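Okay, work-v4.tsv is below, TSV, N, CA and C atoms:
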```
chain	number	residue	atom	x	y	z
A	1	MET	N	-1.14	-40.77	5.87
A	1	MET	CA	-2.19	-41.00	4.91
A	1	MET	C	-3.53	-40.50	5.44
A	2	GLU	N	-3.81	-40.75	6.72
A	2	GLU	CA	-5.07	-40.30	7.31
A	2	GLU	C	-5.17	-38.78	7.32
A	3	LEU	N	-4.04	-38.10	7.59
A	3	LEU	CA	-4.03	-36.65	7.60
A	3	LEU	C	-4.32	-36.11	6.20
A	4	ALA	N	-3.71	-36.71	5.19
A	4	ALA	CA	-3.96	-36.28	3.81
A	4	ALA	C	-5.43	-36.47	3.45
A	5	LEU	N	-6.00	-37.60	3.87
A	5	LEU	CA	-7.41	-37.86	3.61
A	5	LEU	C	-8.27	-36.83	4.32
A	6	SER	N	-7.93	-36.53	5.56
A	6	SER	CA	-8.67	-35.56	6.34
A	6	SER	C	-8.62	-34.17	5.70
A	7	LEU	N	-7.42	-33.78	5.23
A	7	LEU	CA	-7.28	-32.47	4.59
A	7	LEU	C	-8.06	-32.43	3.28
A	8	LYS	N	-8.04	-33.53	2.53
A	8	LYS	CA	-8.79	-33.59	1.27
A	8	LYS	C	-10.28	-33.46	1.55
A	9	LEU	N	-10.76	-34.19	2.56
A	9	LEU	CA	-12.18	-34.12	2.91
A	9	LEU	C	-12.55	-32.73	3.40
A	10	SER	N	-11.66	-32.11	4.18
A	10	SER	CA	-11.95	-30.76	4.68
A	10	SER	C	-12.08	-29.78	3.53
A	11	LYS	N	-11.20	-29.91	2.54
A	11	LYS	CA	-11.26	-29.03	1.37
A	11	LYS	C	-12.54	-29.28	0.59
A	12	GLU	N	-12.89	-30.56	0.42
A	12	GLU	CA	-14.13	-30.90	-0.30
A	12	GLU	C	-15.36	-30.39	0.44
A	13	VAL	N	-15.35	-30.52	1.75
A	13	VAL	CA	-16.48	-30.04	2.55
A	13	VAL	C	-16.63	-28.53	2.37
A	14	LEU	N	-15.53	-27.81	2.45
A	14	LEU	CA	-15.57	-26.36	2.29
A	14	LEU	C	-16.11	-25.97	0.91
A	15	ILE	N	-15.67	-26.67	-0.12
A	15	ILE	CA	-16.15	-26.38	-1.47
A	15	ILE	C	-17.65	-26.63	-1.59
A	16	VAL	N	-18.11	-27.78	-1.07
A	16	VAL	CA	-19.53	-28.11	-1.17
A	16	VAL	C	-20.38	-27.15	-0.36
A	17	VAL	N	-19.94	-26.81	0.85
A	17	VAL	CA	-20.70	-25.88	1.69
A	17	VAL	C	-20.78	-24.51	1.00
A	18	THR	N	-19.66	-24.04	0.47
A	18	THR	CA	-19.64	-22.76	-0.23
A	18	THR	C	-20.58	-22.80	-1.43
A	19	TRP	N	-20.53	-23.89	-2.19
A	19	TRP	CA	-21.39	-24.06	-3.36
A	19	TRP	C	-22.87	-24.03	-2.95
A	20	CYS	N	-23.21	-24.73	-1.88
A	20	CYS	CA	-24.60	-24.74	-1.40
A	20	CYS	C	-25.06	-23.34	-0.98
A	21	LEU	N	-24.23	-22.66	-0.21
A	21	LEU	CA	-24.60	-21.34	0.28
A	21	LEU	C	-24.75	-20.33	-0.85
A	22	GLU	N	-23.81	-20.35	-1.79
A	22	GLU	CA	-23.89	-19.42	-2.92
A	22	GLU	C	-25.15	-19.68	-3.75
A	23	THR	N	-25.43	-20.95	-4.02
A	23	THR	CA	-26.61	-21.30	-4.81
A	23	THR	C	-27.88	-20.94	-4.06
A	24	TYR	N	-27.90	-21.19	-2.77
A	24	TYR	CA	-29.07	-20.84	-1.96
A	24	TYR	C	-29.31	-19.34	-1.98
A	25	ASP	N	-28.25	-18.56	-1.82
A	25	ASP	CA	-28.38	-17.10	-1.83
A	25	ASP	C	-28.93	-16.61	-3.17
A	26	ARG	N	-28.39	-17.17	-4.28
A	26	ARG	CA	-28.90	-16.77	-5.60
A	26	ARG	C	-30.35	-17.18	-5.78
A	27	LEU	N	-30.70	-18.37	-5.30
A	27	LEU	CA	-32.08	-18.83	-5.41
A	27	LEU	C	-33.00	-17.94	-4.59
A	28	ASP	N	-32.59	-17.59	-3.39
A	28	ASP	CA	-33.38	-16.72	-2.53
A	28	ASP	C	-33.63	-15.36	-3.20
A	29	LYS	N	-32.59	-14.78	-3.79
A	29	LYS	CA	-32.73	-13.49	-4.47
A	29	LYS	C	-33.64	-13.62	-5.70
A	30	THR	N	-33.50	-14.73	-6.40
A	30	THR	CA	-34.32	-14.95	-7.59
A	30	THR	C	-35.79	-15.09	-7.22
A	31	LEU	N	-36.07	-15.81	-6.17
A	31	LEU	CA	-37.46	-16.00	-5.75
A	31	LEU	C	-38.07	-14.69	-5.24
A	32	ALA	N	-37.24	-13.81	-4.72
A	32	ALA	CA	-37.74	-12.51	-4.24
A	32	ALA	C	-38.05	-11.57	-5.40
A	33	GLY	N	-37.45	-11.83	-6.57
A	33	GLY	CA	-37.66	-10.97	-7.73
A	33	GLY	C	-38.56	-11.61	-8.76
A	34	THR	N	-38.38	-11.19	-10.00
A	34	THR	CA	-39.22	-11.71	-11.09
A	34	THR	C	-38.43	-12.60	-12.05
A	35	ASP	N	-37.19	-12.92	-11.70
A	35	ASP	CA	-36.34	-13.75	-12.54
A	35	ASP	C	-36.89	-15.18	-12.57
A	36	HIS	N	-36.88	-15.78	-13.76
A	36	HIS	CA	-37.42	-17.13	-13.91
A	36	HIS	C	-36.34	-18.21	-13.88
A	37	SER	N	-35.15	-17.88	-13.43
A	37	SER	CA	-34.07	-18.87	-13.38
A	37	SER	C	-34.13	-19.71	-12.10
A	38	TRP	N	-35.20	-19.57	-11.34
A	38	TRP	CA	-35.29	-20.29	-10.07
A	38	TRP	C	-35.29	-21.81	-10.26
A	39	ARG	N	-35.83	-22.27	-11.39
A	39	ARG	CA	-35.86	-23.72	-11.63
A	39	ARG	C	-34.44	-24.28	-11.75
A	40	ALA	N	-33.63	-23.59	-12.55
A	40	ALA	CA	-32.25	-24.05	-12.73
A	40	ALA	C	-31.47	-23.96	-11.42
A	41	LEU	N	-31.70	-22.90	-10.66
A	41	LEU	CA	-31.01	-22.74	-9.37
A	41	LEU	C	-31.48	-23.79	-8.38
A	42	THR	N	-32.75	-24.14	-8.42
A	42	THR	CA	-33.27	-25.19	-7.53
A	42	THR	C	-32.60	-26.53	-7.85
A	43	LEU	N	-32.47	-26.84	-9.13
A	43	LEU	CA	-31.79	-28.08	-9.53
A	43	LEU	C	-30.32	-28.07	-9.12
A	44	LYS	N	-29.69	-26.91	-9.27
A	44	LYS	CA	-28.29	-26.80	-8.87
A	44	LYS	C	-28.13	-26.99	-7.37
A	45	LEU	N	-29.05	-26.41	-6.60
A	45	LEU	CA	-29.01	-26.57	-5.15
A	45	LEU	C	-29.26	-28.03	-4.76
A	46	CYS	N	-30.18	-28.69	-5.42
A	46	CYS	CA	-30.43	-30.11	-5.15
A	46	CYS	C	-29.19	-30.93	-5.46
A	47	SER	N	-28.52	-30.61	-6.54
A	47	SER	CA	-27.29	-31.31	-6.90
A	47	SER	C	-26.21	-31.10	-5.84
A	48	ALA	N	-26.10	-29.87	-5.36
A	48	ALA	CA	-25.11	-29.58	-4.32
A	48	ALA	C	-25.44	-30.35	-3.04
A	49	LEU	N	-26.70	-30.44	-2.70
A	49	LEU	CA	-27.10	-31.17	-1.49
A	49	LEU	C	-26.87	-32.67	-1.65
A	50	GLU	N	-27.09	-33.20	-2.83
A	50	GLU	CA	-26.81	-34.62	-3.08
A	50	GLU	C	-25.31	-34.90	-2.96
A	51	THR	N	-24.50	-33.97	-3.48
A	51	THR	CA	-23.04	-34.11	-3.35
A	51	THR	C	-22.63	-34.07	-1.90
A	52	ALA	N	-23.22	-33.16	-1.14
A	52	ALA	CA	-22.91	-33.06	0.29
A	52	ALA	C	-23.30	-34.35	1.00
A	53	ASN	N	-24.43	-34.93	0.64
A	53	ASN	CA	-24.88	-36.18	1.25
A	53	ASN	C	-23.89	-37.30	0.97
A	54	LYS	N	-23.39	-37.39	-0.26
A	54	LYS	CA	-22.40	-38.42	-0.61
A	54	LYS	C	-21.12	-38.21	0.18
A	55	LEU	N	-20.73	-36.96	0.35
A	55	LEU	CA	-19.52	-36.64	1.10
A	55	LEU	C	-19.66	-37.04	2.56
A	56	VAL	N	-20.83	-36.80	3.13
A	56	VAL	CA	-21.09	-37.18	4.53
A	56	VAL	C	-21.04	-38.70	4.67
A	57	ARG	N	-21.63	-39.42	3.72
A	57	ARG	CA	-21.59	-40.89	3.77
A	57	ARG	C	-20.15	-41.39	3.70
A	58	SER	N	-19.38	-40.81	2.80
A	58	SER	CA	-17.97	-41.20	2.65
A	58	SER	C	-17.20	-40.93	3.93
A	59	THR	N	-17.46	-39.79	4.53
A	59	THR	CA	-16.79	-39.43	5.78
A	59	THR	C	-17.16	-40.40	6.88
A	60	ASN	N	-18.43	-40.79	6.95
A	60	ASN	CA	-18.87	-41.75	7.96
A	60	ASN	C	-18.16	-43.10	7.80
A	61	VAL	N	-17.99	-43.53	6.56
A	61	VAL	CA	-17.28	-44.79	6.31
A	61	VAL	C	-15.83	-44.67	6.78
A	62	ASN	N	-15.20	-43.54	6.46
A	62	ASN	CA	-13.80	-43.33	6.85
A	62	ASN	C	-13.65	-43.27	8.37
A	63	VAL	N	-14.60	-42.65	9.05
A	63	VAL	CA	-14.56	-42.58	10.51
A	63	VAL	C	-14.71	-43.97	11.11
A	64	ARG	N	-15.60	-44.77	10.53
A	64	ARG	CA	-15.79	-46.14	11.02
A	64	ARG	C	-14.50	-46.95	10.86
A	65	LEU	N	-13.87	-46.84	9.69
A	65	LEU	CA	-12.62	-47.56	9.45
A	65	LEU	C	-11.52	-47.10	10.40
A	66	LEU	N	-11.44	-45.81	10.62
A	66	LEU	CA	-10.44	-45.26	11.54
A	66	LEU	C	-10.69	-45.76	12.95
A	67	SER	N	-11.95	-45.82	13.36
A	67	SER	CA	-12.30	-46.33	14.68
A	67	SER	C	-11.89	-47.79	14.84
A	68	GLU	N	-12.11	-48.58	13.79
A	68	GLU	CA	-11.70	-50.00	13.84
A	68	GLU	C	-10.18	-50.11	13.96
A	69	ASN	N	-9.45	-49.26	13.25
A	69	ASN	CA	-7.99	-49.27	13.33
A	69	ASN	C	-7.50	-48.88	14.73
A	70	VAL	N	-8.17	-47.92	15.35
A	70	VAL	CA	-7.81	-47.51	16.71
A	70	VAL	C	-8.05	-48.65	17.68
A	71	GLU	N	-9.18	-49.35	17.54
A	71	GLU	CA	-9.47	-50.50	18.41
A	71	GLU	C	-8.40	-51.58	18.26
A	72	GLU	N	-7.97	-51.83	17.03
A	72	GLU	CA	-6.94	-52.83	16.78
A	72	GLU	C	-5.62	-52.42	17.44
A	73	LEU	N	-5.27	-51.15	17.31
A	73	LEU	CA	-4.05	-50.65	17.95
A	73	LEU	C	-4.13	-50.74	19.47
A	74	GLU	N	-5.29	-50.46	20.03
A	74	GLU	CA	-5.46	-50.58	21.48
A	74	GLU	C	-5.21	-52.03	21.93
A	75	GLY	N	-5.71	-52.98	21.14
A	75	GLY	CA	-5.48	-54.40	21.46
A	75	GLY	C	-4.01	-54.76	21.41
A	76	ILE	N	-3.30	-54.23	20.43
A	76	ILE	CA	-1.86	-54.49	20.30
A	76	ILE	C	-1.11	-53.92	21.50
A	77	VAL	N	-1.47	-52.70	21.91
A	77	VAL	CA	-0.81	-52.07	23.06
A	77	VAL	C	-1.09	-52.87	24.33
A	78	LYS	N	-2.31	-53.35	24.51
A	78	LYS	CA	-2.63	-54.15	25.69
A	78	LYS	C	-1.83	-55.45	25.71
A	79	ARG	N	-1.71	-56.09	24.55
A	79	ARG	CA	-0.91	-57.33	24.49
A	79	ARG	C	0.56	-57.04	24.80
A	80	GLU	N	1.05	-55.90	24.30
A	80	GLU	CA	2.44	-55.53	24.58
A	80	GLU	C	2.63	-55.29	26.08
A	81	ASP	N	1.71	-54.58	26.71
A	81	ASP	CA	1.80	-54.33	28.15
A	81	ASP	C	1.77	-55.65	28.92
A	82	SER	N	0.92	-56.56	28.51
A	82	SER	CA	0.82	-57.85	29.18
A	82	SER	C	2.12	-58.65	29.01
A	83	ALA	N	2.68	-58.62	27.82
A	83	ALA	CA	3.94	-59.35	27.56
A	83	ALA	C	5.07	-58.75	28.39
A	84	LEU	N	5.10	-57.44	28.51
A	84	LEU	CA	6.14	-56.79	29.31
A	84	LEU	C	6.00	-57.16	30.78
A	85	SER	N	4.78	-57.17	31.27
A	85	SER	CA	4.54	-57.54	32.67
A	85	SER	C	4.97	-58.98	32.93
A	86	SER	N	4.61	-59.87	32.03
A	86	SER	CA	5.00	-61.28	32.18
A	86	SER	C	6.51	-61.44	32.15
A	87	SER	N	7.14	-60.73	31.25
A	87	SER	CA	8.59	-60.80	31.12
A	87	SER	C	9.28	-60.28	32.38
A	88	LYS	N	8.75	-59.19	32.91
A	88	LYS	CA	9.31	-58.60	34.12
A	88	LYS	C	9.14	-59.56	35.30
A	89	ALA	N	7.97	-60.17	35.41
A	89	ALA	CA	7.72	-61.12	36.50
A	89	ALA	C	8.64	-62.32	36.38
A	90	PHE	N	8.84	-62.83	35.18
A	90	PHE	CA	9.74	-63.96	34.97
A	90	PHE	C	11.17	-63.58	35.34
A	91	HIS	N	11.59	-62.41	34.92
A	91	HIS	CA	12.95	-61.94	35.22
A	91	HIS	C	13.16	-61.82	36.74
A	92	LEU	N	12.16	-61.29	37.43
A	92	LEU	CA	12.25	-61.15	38.89
A	92	LEU	C	12.29	-62.51	39.58
A	93	SER	N	11.60	-63.49	39.00
A	93	SER	CA	11.57	-64.81	39.62
A	93	SER	C	12.91	-65.52	39.50
A	94	LEU	N	13.73	-65.11	38.54
A	94	LEU	CA	15.04	-65.72	38.35
A	94	LEU	C	16.13	-65.12	39.27
A	95	GLU	N	15.85	-63.97	39.83
A	95	GLU	CA	16.84	-63.32	40.68
A	95	GLU	C	16.94	-64.07	42.02
A	96	PRO	N	18.18	-64.19	42.51
A	96	PRO	CA	18.33	-64.88	43.80
A	96	PRO	C	17.71	-64.05	44.92
A	97	LYS	N	17.20	-64.74	45.90
A	97	LYS	CA	16.55	-64.04	47.02
A	97	LYS	C	17.42	-64.02	48.23
```
Take the structure in the file and write it out as structure tokens.
Amino acid sequence: MELALSLKLSKEVLIVVTWCLETYDRLDKTLAGTDHSWRALTLKLCSALETANKLVRSTNVNVRLLSENVEELEGIVKREDSALSSSKAFHLSLEPK
């Protein structure tokens, strides 16, 4: 599930970055010329940047959740290691000397 989410986010990031760059390039060319469509391109670029900002926020939330899950798994592994050590020590204590 995490891989699918990661791939989806990667695709979304690529789309938003491409959209921003294309809009910026068109805006730059428009401002260099006499075309009056710069207002619409500016709004489109602002929209693309707002979308990118939302995507970054969403990614940050997902990274935080993933980090919490990793911490929980680390705790489980430590408990398992401790239980194995205790079990091994108990088993050794039962062996005749």
Separating CA of Leu27 in chain A from CA of Leu41 in chain A, to the nearest tenth of an Å, is a gap of 5.7 Å
Could you tell me how far CA of Val17 in chain A lies from CA of Asn60 in chain A, in Å and to one decimal?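 Computing it gives 17.2 Å between the two atoms.
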Separating CA of Val56 in chain A from atom N of Glu68 in chain A, to the nearest tenth of an Å, is a gap of 17.2 Å
Which of A:Leu84, A:Asp28, A:Cys46, A:Ala52 sits closest to Val13 in chain A [using only N, CA and C atoms]: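 Closest residue, counting only N, CA and C atoms: A:Ala52.
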